[in-house]
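Worksheet: the structure to be examined is printed underneath.
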Amino acid sequence: MIGRLNHVAIAVSDTEAATAIYRDTLGAHVSQTAPQPNHGVTTVFIELPNTKIELLEPLGENSPISKFLEKNPSGGIHHVCYEVDDIIAARDELKAKGARVLGDGEPRIGAHGKPVLFLHPKDFLGTLTELEQA
Ligand code: CO
């Protein structure tokens with residue numbers, strides 16, 4: 001069902017400092033910082049030859065990553081995102097297998113402008129798992 005690893009998202013408290021680590025220390029190509037008010041995060045994309053790293057910094061009062069950063073003040077891997085061909089078919093198959101879909105279970109338009117869903121971390125080895133219709 002799942003295809004390519006689309007991205008690994010890392011929560012950070014300071015995108016500028018985090019970007020410097022990827023750009024200057026690791027020598028990666030980094031995108032511009034992009035505030036995404038309707039997702040409650042500021043994002044920076046690190047383009048790697050085979051996938052992306054997405055740096056997420058909380059934006060606004062009810063950011064979905066604030067609690068995670070409270071528990072992991074130095075940052076940490078927040079979720080992984082796999083591509084699927086048909087997000088509704090993938091969702092229905094996963095639900096039939098007993099997996100829990102977060103929120104109301106309907107895909108939302110994610111930070112890349114494509115439909116996404118999140119799966120409960122307790123059903124996937126303690127890892128918040130995003131599906132994106134590629
Ligand atoms: Co993501």
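Each chain in the structure tokens gets a letter, A, B, ..., in the order shown, and its residues are numbered from 1; ligands are numbered from 1 in order too.
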
If the limit is 10 Å from any atom of ligand 1, counting only C-alpha atoms and all ligand atoms, which residues qualify? Return them as a list in words.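 Residues lying within 10 Å of ligand 1: Asn6, His7, Val8, Ala9, Ile10, Thr43, Lys52, Ile53, Glu54, Leu55, Leu56, His78, His79, Val80, Cys81, Tyr82, Gly110, Ala111, His112, Val116, Leu117, Phe118, Leu128, Thr129, Glu130, Leu131 and Glu132 of chain A.
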
Fewer than 4 positions away in the same chain doesn't count, so skip those; otherwise give me all residues within 7 Å of Ser31 (chain A), counting only C-alpha atoms, as a tab-separated table (two decimals) with C-alpha atoms, in the first residue's frame.
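Final output, saved to out-v6.tsv:
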```
chain	number	residue	atom	x	y	z
A	44	VAL	CA	11.58	24.67	6.13
A	45	PHE	CA	12.15	21.89	3.61
A	46	ILE	CA	15.49	20.19	3.25
```

Rank A:Glu70, A:Glu47, A:Asp86, A:Glu93 by their smallest atom-to-atom distance to Lys114 (chain A), using only C-alpha atoms, and report the top residue only.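 Of all the options, A:Asp86 lies closest to Lys114 (chain A).
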
Extract, using only C-alpha atoms, all DNA, RNA and protein residues at most 10 Å from Val101 (chain A), discarding same-chain residues fewer than 5 positions from it, and format them as a ChimeraX atom specification. /A:91-92,94-95,106-107,117-121,123,129-130

Could you write out, as a ChimeraX atom specification, all the residues of region 13-115 of chain A that DSSP marks as strand (DSSP E or B)? /A:29-30,34-36,41-47,52-58,76-84,101,108-109,115

Output C-alpha atoms for every residue in the selection just made, as a JSON list (two decimals), in the first residue's frame.
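So the final result, stored in part_37.json, reads:
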```json
[["chain", "number", "residue", "atom", "x", "y", "z"],
["A", 29, "HIS", "CA", 19.96, 22.40, 0.14],
["A", 30, "VAL", "CA", 17.33, 24.17, 2.26],
["A", 34, "ALA", "CA", 7.45, 29.39, 5.08],
["A", 35, "PRO", "CA", 4.88, 30.38, 7.73],
["A", 36, "GLN", "CA", 1.77, 28.18, 7.37],
["A", 41, "VAL", "CA", 3.64, 25.75, 11.94],
["A", 42, "THR", "CA", 6.50, 27.42, 10.14],
["A", 43, "THR", "CA", 8.20, 25.02, 7.76],
["A", 44, "VAL", "CA", 11.58, 24.67, 6.13],
["A", 45, "PHE", "CA", 12.15, 21.89, 3.61],
["A", 46, "ILE", "CA", 15.49, 20.19, 3.25],
["A", 47, "GLU", "CA", 15.75, 18.66, -0.21],
["A", 52, "LYS", "CA", 12.83, 15.52, 2.20],
["A", 53, "ILE", "CA", 13.32, 16.56, 5.77],
["A", 54, "GLU", "CA", 10.68, 18.97, 7.00],
["A", 55, "LEU", "CA", 11.61, 21.24, 9.91],
["A", 56, "LEU", "CA", 8.56, 22.37, 11.87],
["A", 57, "GLU", "CA", 8.48, 25.24, 14.33],
["A", 58, "PRO", "CA", 5.29, 26.10, 16.25],
["A", 76, "GLY", "CA", 12.95, 15.48, 17.71],
["A", 77, "ILE", "CA", 11.39, 13.40, 14.97],
["A", 78, "HIS", "CA", 7.70, 14.30, 14.95],
["A", 79, "HIS", "CA", 6.32, 12.14, 12.13],
["A", 80, "VAL", "CA", 7.12, 10.21, 8.98],
["A", 81, "CYS", "CA", 5.12, 10.60, 5.77],
["A", 82, "TYR", "CA", 4.54, 7.89, 3.19],
["A", 83, "GLU", "CA", 3.03, 8.36, -0.24],
["A", 84, "VAL", "CA", -0.07, 6.47, -1.31],
["A", 101, "VAL", "CA", -7.14, 7.70, 11.80],
["A", 108, "ARG", "CA", -7.07, 17.51, 4.77],
["A", 109, "ILE", "CA", -4.91, 19.53, 2.45],
["A", 115, "PRO", "CA", -4.51, 15.44, 0.67]]
```

Rank A:Leu102, A:Leu125, A:Ile87, A:Ala96 by their smallest atom-to-atom distance to Ile2 (chain A), using only C-alpha atoms, and report the top residue only.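 Of the candidates, the smallest distance to Ile2 (chain A) is held by A:Ile87.
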
Run DSSP on the backbone and grab whatever in chain A lands in helix (DSSP H, G or I); send it over as a count of residues only. 33
